Each structure stands twice: as structure tokens, then as C-alpha cells.
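Trainee: Dumping the structure here so I can ask a few things about it.
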Amino acid sequence: MPLLNTLATPYAEALLQVTNARNESEDVAAQCKELIALWDSSESLRDAMTSPVLEPMAKKKALEQLLSQQIQPSLLNLLKVLADRYRLTAFDAVLGRYLELYRESRKISLAHVRSAQALTDTQKASLTAKIESMVGSGSVEIDLTIDPSLIGGFVINVGSQVIDASLSGQVRRLGLSLAKAS
């Protein structure tokens, strides 16, 4: 991954400079999240954009037709540059690195939350407030996934901190305690 980050960082930094200058960083960050989700879910898009058979001009035309109405011109221009330089294989790495740099510049911590069931808006707001108080400074962005294997509760990862408030975690810890006692 460090090699991919080395490749992605200059593109992401350039995009962040442009979007900061145009005061559109927040919009582009939201669009990057949507594009990463689209990239992850659409095998046909990934195959077409990373195909060695398609010429960069065809990829740029497809990107223009697919995305010109949905994303900022600065983001579309970055994708065209990646196509010109045969770097669309790093599509998600560049956008992911942009999001990391964006969060760092805005002092936003990313919390990965795995929950046994979907959370209501009130629960999300309460959880966000608790994580913000735990982190101390800045705001928190929650990346929520549903994981039924937790049985109940949730697991939070923020940086190097892990809070396991899941039922499966409690059962595991109880099993370890019983194993030590016997």
C-alpha cells in the first residue's frame, strides 16, 4: 500500500489545492465517497476504466458522459488526467488519499463503527457526540457498517483505539476469563 500511496498522494494533494482555492472541497469530498462506492460496486466500470484495450480518449469520453453532470469539473479533470497517464488503476487510491488529506486539513477523525443492527439517526448523533468527546478535538466522521456476527452492540475503531461494546466481544472476554480461571 505505501507504493500506491506514493503514487496517489501527488494527485490527491493537487486536487485538494484546487478544490480549496475554489472553495469546493466539501462537495468534492462527498463526490469522492460516492465515486469510491460506485467503483467498488461496479465491476463493469472498473473493467472498462482499467482495460488496456481502451484508449485514454475513449475512457475520458466515457467519464465525461457518465459524470460531467454529477461531479465538480476539478474532480472530472483529475479523472481525465489519470486516464491520460494510464493511472485509472489507482482511481480509488487517489480518491481515498484525497479524503484522508481533506480530513487531516479539517481535523476530522474517521471512526469505523461496526454495529449489529442499523442505528437510528438519534443513535448516530449520540454516538458521534460520544466519539467526539473521546477524540477531544475536531469533529468525527462515522463509517458505519452492519455486522450481524456481533450479535448485539457495536465496535468502534478510531485511529489506534478500539472500543468493543459488542455482545460477541463480551462472550469472548468471558471465555478467556474462564479459561484463565481453570
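Residues in the C-alpha cells are numbered from 1 in each chain, the chains being A, B, ... in the order shown, and ligands are numbered from 1 in the order shown.
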As a count of residues only, list the residues of region 10-179 of chain A assigned to strand (DSSP E or B) by DSSP on the backbone atoms of this structure.
Mentor: 28
Trainee: Could you give me, as a list in words, the residues within 7 Å of region 137-149 of chain A, counting only C-alpha atoms and dropping anything in the same chain fewer than 6 positions from it?
Mentor: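 Counting only the stated atoms, we get Lys107, Ile108, Ser109, Leu110, Ala111, His112, Val113, Arg114, Ser115, Ala116, Gln117, Ala118 and Thr128 of chain A.
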Trainee: Quick one: residues within 9 Å of region 96-103 of chain A, only C-alpha atoms, excluding same-chain residues fewer than 5 positions away - as a ChimeraX atom specification?
Mentor: /A:5,8-9,11-13,15-16,25-26,29-30,32-33,36,91,108-110,141
Trainee: Pull all heavy atoms from the residues just selected and write them as a short mmCIF file (atom, residue, chain, number, x, y, z; two decimals), in the first residue's frame.
Mentor:
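Ended up saving to again_13.cif:
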```
data_model
loop_
_atom_site.label_atom_id
_atom_site.label_comp_id
_atom_site.auth_asym_id
_atom_site.auth_seq_id
_atom_site.Cartn_x
_atom_site.Cartn_y
_atom_site.Cartn_z
N ASN A 5 0.22 4.63 -2.22
CA ASN A 5 0.07 5.95 -1.59
C ASN A 5 1.06 6.94 -2.19
O ASN A 5 0.75 8.11 -2.37
CB ASN A 5 0.30 5.84 -0.09
CG ASN A 5 -0.96 6.14 0.69
OD1 ASN A 5 -1.98 6.50 0.13
ND2 ASN A 5 -0.87 5.96 1.99
N ALA A 8 -0.52 7.96 -5.35
CA ALA A 8 -1.79 8.67 -5.19
C ALA A 8 -1.62 10.04 -4.55
O ALA A 8 -2.38 10.97 -4.88
CB ALA A 8 -2.74 7.82 -4.34
N THR A 9 -0.65 10.20 -3.69
CA THR A 9 -0.53 11.44 -2.91
C THR A 9 -0.36 12.70 -3.77
O THR A 9 -1.07 13.69 -3.54
CB THR A 9 0.60 11.31 -1.87
OG1 THR A 9 0.25 10.24 -0.97
CG2 THR A 9 0.79 12.59 -1.08
N TYR A 11 -1.37 13.39 -6.79
CA TYR A 11 -2.64 13.70 -7.45
C TYR A 11 -3.66 14.22 -6.42
O TYR A 11 -4.38 15.19 -6.68
CB TYR A 11 -3.21 12.46 -8.14
CG TYR A 11 -2.40 11.99 -9.32
CD1 TYR A 11 -1.61 10.85 -9.24
CD2 TYR A 11 -2.42 12.69 -10.53
CE1 TYR A 11 -0.85 10.41 -10.33
CE2 TYR A 11 -1.67 12.27 -11.62
CZ TYR A 11 -0.90 11.13 -11.52
OH TYR A 11 -0.15 10.72 -12.58
N ALA A 12 -3.72 13.56 -5.27
CA ALA A 12 -4.67 13.97 -4.24
C ALA A 12 -4.33 15.35 -3.70
O ALA A 12 -5.23 16.17 -3.47
CB ALA A 12 -4.68 12.92 -3.11
N GLU A 13 -3.05 15.62 -3.49
CA GLU A 13 -2.65 16.94 -2.99
C GLU A 13 -2.99 18.03 -4.01
O GLU A 13 -3.46 19.11 -3.63
CB GLU A 13 -1.14 16.95 -2.68
CG GLU A 13 -0.79 16.18 -1.43
CD GLU A 13 0.72 16.12 -1.20
OE1 GLU A 13 1.51 16.37 -2.14
OE2 GLU A 13 1.09 15.79 -0.06
N LEU A 15 -5.36 17.97 -6.26
CA LEU A 15 -6.81 18.16 -6.26
C LEU A 15 -7.26 18.95 -5.04
O LEU A 15 -8.11 19.84 -5.15
CB LEU A 15 -7.54 16.80 -6.30
CG LEU A 15 -9.06 16.86 -6.28
CD1 LEU A 15 -9.61 17.62 -7.50
CD2 LEU A 15 -9.66 15.45 -6.23
N LEU A 16 -6.67 18.66 -3.87
CA LEU A 16 -7.05 19.39 -2.66
C LEU A 16 -6.69 20.88 -2.78
O LEU A 16 -7.47 21.74 -2.37
CB LEU A 16 -6.38 18.78 -1.43
CG LEU A 16 -6.84 19.34 -0.09
CD1 LEU A 16 -8.34 19.12 0.13
CD2 LEU A 16 -6.05 18.71 1.06
N SER A 25 -14.11 22.00 -1.63
CA SER A 25 -13.54 20.78 -1.06
C SER A 25 -14.59 19.87 -0.44
O SER A 25 -14.52 18.65 -0.58
CB SER A 25 -12.48 21.12 -0.01
OG SER A 25 -11.43 21.83 -0.60
N GLU A 26 -15.55 20.46 0.25
CA GLU A 26 -16.57 19.65 0.91
C GLU A 26 -17.42 18.89 -0.12
O GLU A 26 -17.70 17.71 0.05
CB GLU A 26 -17.46 20.53 1.78
CG GLU A 26 -18.35 19.75 2.71
CD GLU A 26 -19.04 20.65 3.72
OE1 GLU A 26 -18.44 21.64 4.16
OE2 GLU A 26 -20.18 20.33 4.06
N ALA A 29 -15.29 16.14 -1.63
CA ALA A 29 -15.12 15.02 -0.68
C ALA A 29 -16.35 14.11 -0.72
O ALA A 29 -16.22 12.89 -0.76
CB ALA A 29 -14.88 15.55 0.73
N ALA A 30 -17.54 14.71 -0.73
CA ALA A 30 -18.76 13.91 -0.80
C ALA A 30 -18.83 13.15 -2.12
O ALA A 30 -19.22 11.97 -2.16
CB ALA A 30 -19.99 14.81 -0.64
N CYS A 32 -16.25 12.20 -3.93
CA CYS A 32 -15.25 11.13 -3.89
C CYS A 32 -15.80 9.89 -3.19
O CYS A 32 -15.56 8.76 -3.63
CB CYS A 32 -13.97 11.61 -3.18
SG CYS A 32 -12.96 12.72 -4.16
N LYS A 33 -16.52 10.11 -2.09
CA LYS A 33 -17.12 8.97 -1.38
C LYS A 33 -18.09 8.22 -2.29
O LYS A 33 -18.10 6.99 -2.32
CB LYS A 33 -17.85 9.44 -0.12
CG LYS A 33 -16.93 9.95 0.95
CD LYS A 33 -17.75 10.49 2.10
CE LYS A 33 -16.89 11.37 2.97
NZ LYS A 33 -17.67 12.12 3.95
N ILE A 36 -16.11 6.30 -5.00
CA ILE A 36 -15.45 5.10 -4.47
C ILE A 36 -16.48 3.99 -4.28
O ILE A 36 -16.21 2.83 -4.62
CB ILE A 36 -14.71 5.42 -3.15
CG1 ILE A 36 -13.49 6.31 -3.44
CG2 ILE A 36 -14.30 4.14 -2.43
CD1 ILE A 36 -12.80 6.84 -2.19
N PHE A 91 -7.50 4.72 -9.32
CA PHE A 91 -8.69 5.56 -9.15
C PHE A 91 -9.10 5.66 -7.68
O PHE A 91 -9.15 6.75 -7.10
CB PHE A 91 -9.82 4.95 -9.98
CG PHE A 91 -11.13 5.66 -9.93
CD1 PHE A 91 -11.47 6.57 -10.91
CD2 PHE A 91 -12.06 5.39 -8.93
CE1 PHE A 91 -12.70 7.22 -10.89
CE2 PHE A 91 -13.28 6.03 -8.89
CZ PHE A 91 -13.59 6.94 -9.88
N ILE A 108 -10.75 16.26 10.99
CA ILE A 108 -11.88 15.34 11.08
C ILE A 108 -11.31 13.94 11.31
O ILE A 108 -10.48 13.48 10.53
CB ILE A 108 -12.73 15.35 9.79
CG1 ILE A 108 -13.31 16.73 9.55
CG2 ILE A 108 -13.83 14.30 9.86
CD1 ILE A 108 -13.98 16.89 8.19
N SER A 109 -11.74 13.30 12.38
CA SER A 109 -11.32 11.92 12.65
C SER A 109 -12.31 10.97 12.00
O SER A 109 -13.52 11.22 12.03
CB SER A 109 -11.28 11.66 14.16
OG SER A 109 -10.36 12.51 14.78
N LEU A 110 -11.80 9.90 11.44
CA LEU A 110 -12.66 8.89 10.85
C LEU A 110 -12.84 7.75 11.84
O LEU A 110 -11.86 7.15 12.27
CB LEU A 110 -12.07 8.37 9.54
CG LEU A 110 -12.86 7.28 8.82
CD1 LEU A 110 -14.24 7.80 8.41
CD2 LEU A 110 -12.11 6.79 7.60
N GLU A 141 -16.20 11.77 11.63
CA GLU A 141 -17.00 11.22 10.53
C GLU A 141 -17.14 9.73 10.81
O GLU A 141 -16.14 9.06 11.10
CB GLU A 141 -16.28 11.46 9.21
CG GLU A 141 -17.03 10.94 8.01
CD GLU A 141 -16.26 11.21 6.72
OE1 GLU A 141 -15.67 12.29 6.57
OE2 GLU A 141 -16.23 10.31 5.88
#
```
Trainee: Enumerate the residues of region 18-81 of chain A with a DSSP assignment of helix (DSSP H, G or I), computed from the backbone, and present them as a ChimeraX atom specification.
Mentor: /A:18-21,25-41,43-50,56-67,73-81
Trainee: Just the number, please: distance in Å from CA of Leu88 (chain A) to CA of Met49 (chain A), one decimal.
Mentor: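 Pair CA of Leu88 (chain A) / CA of Met49 (chain A) returns 6.2 Å.
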Trainee: Return the single residue from A:Asn157, A:Gln70, A:Thr19, A:Ser126 that is closest to Glu34 (chain A), with distances computed using only C-alpha atoms.
Mentor: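 Between A:Asn157, A:Gln70, A:Thr19, A:Ser126, the residue approaching Glu34 (chain A) most closely is A:Gln70.
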Trainee: Please indicate the distance in Å from CA of Leu66 (chain A) to CA of Gln31 (chain A), rounded to one decimal place.
Mentor: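 These atoms are spaced 13.5 Å apart.
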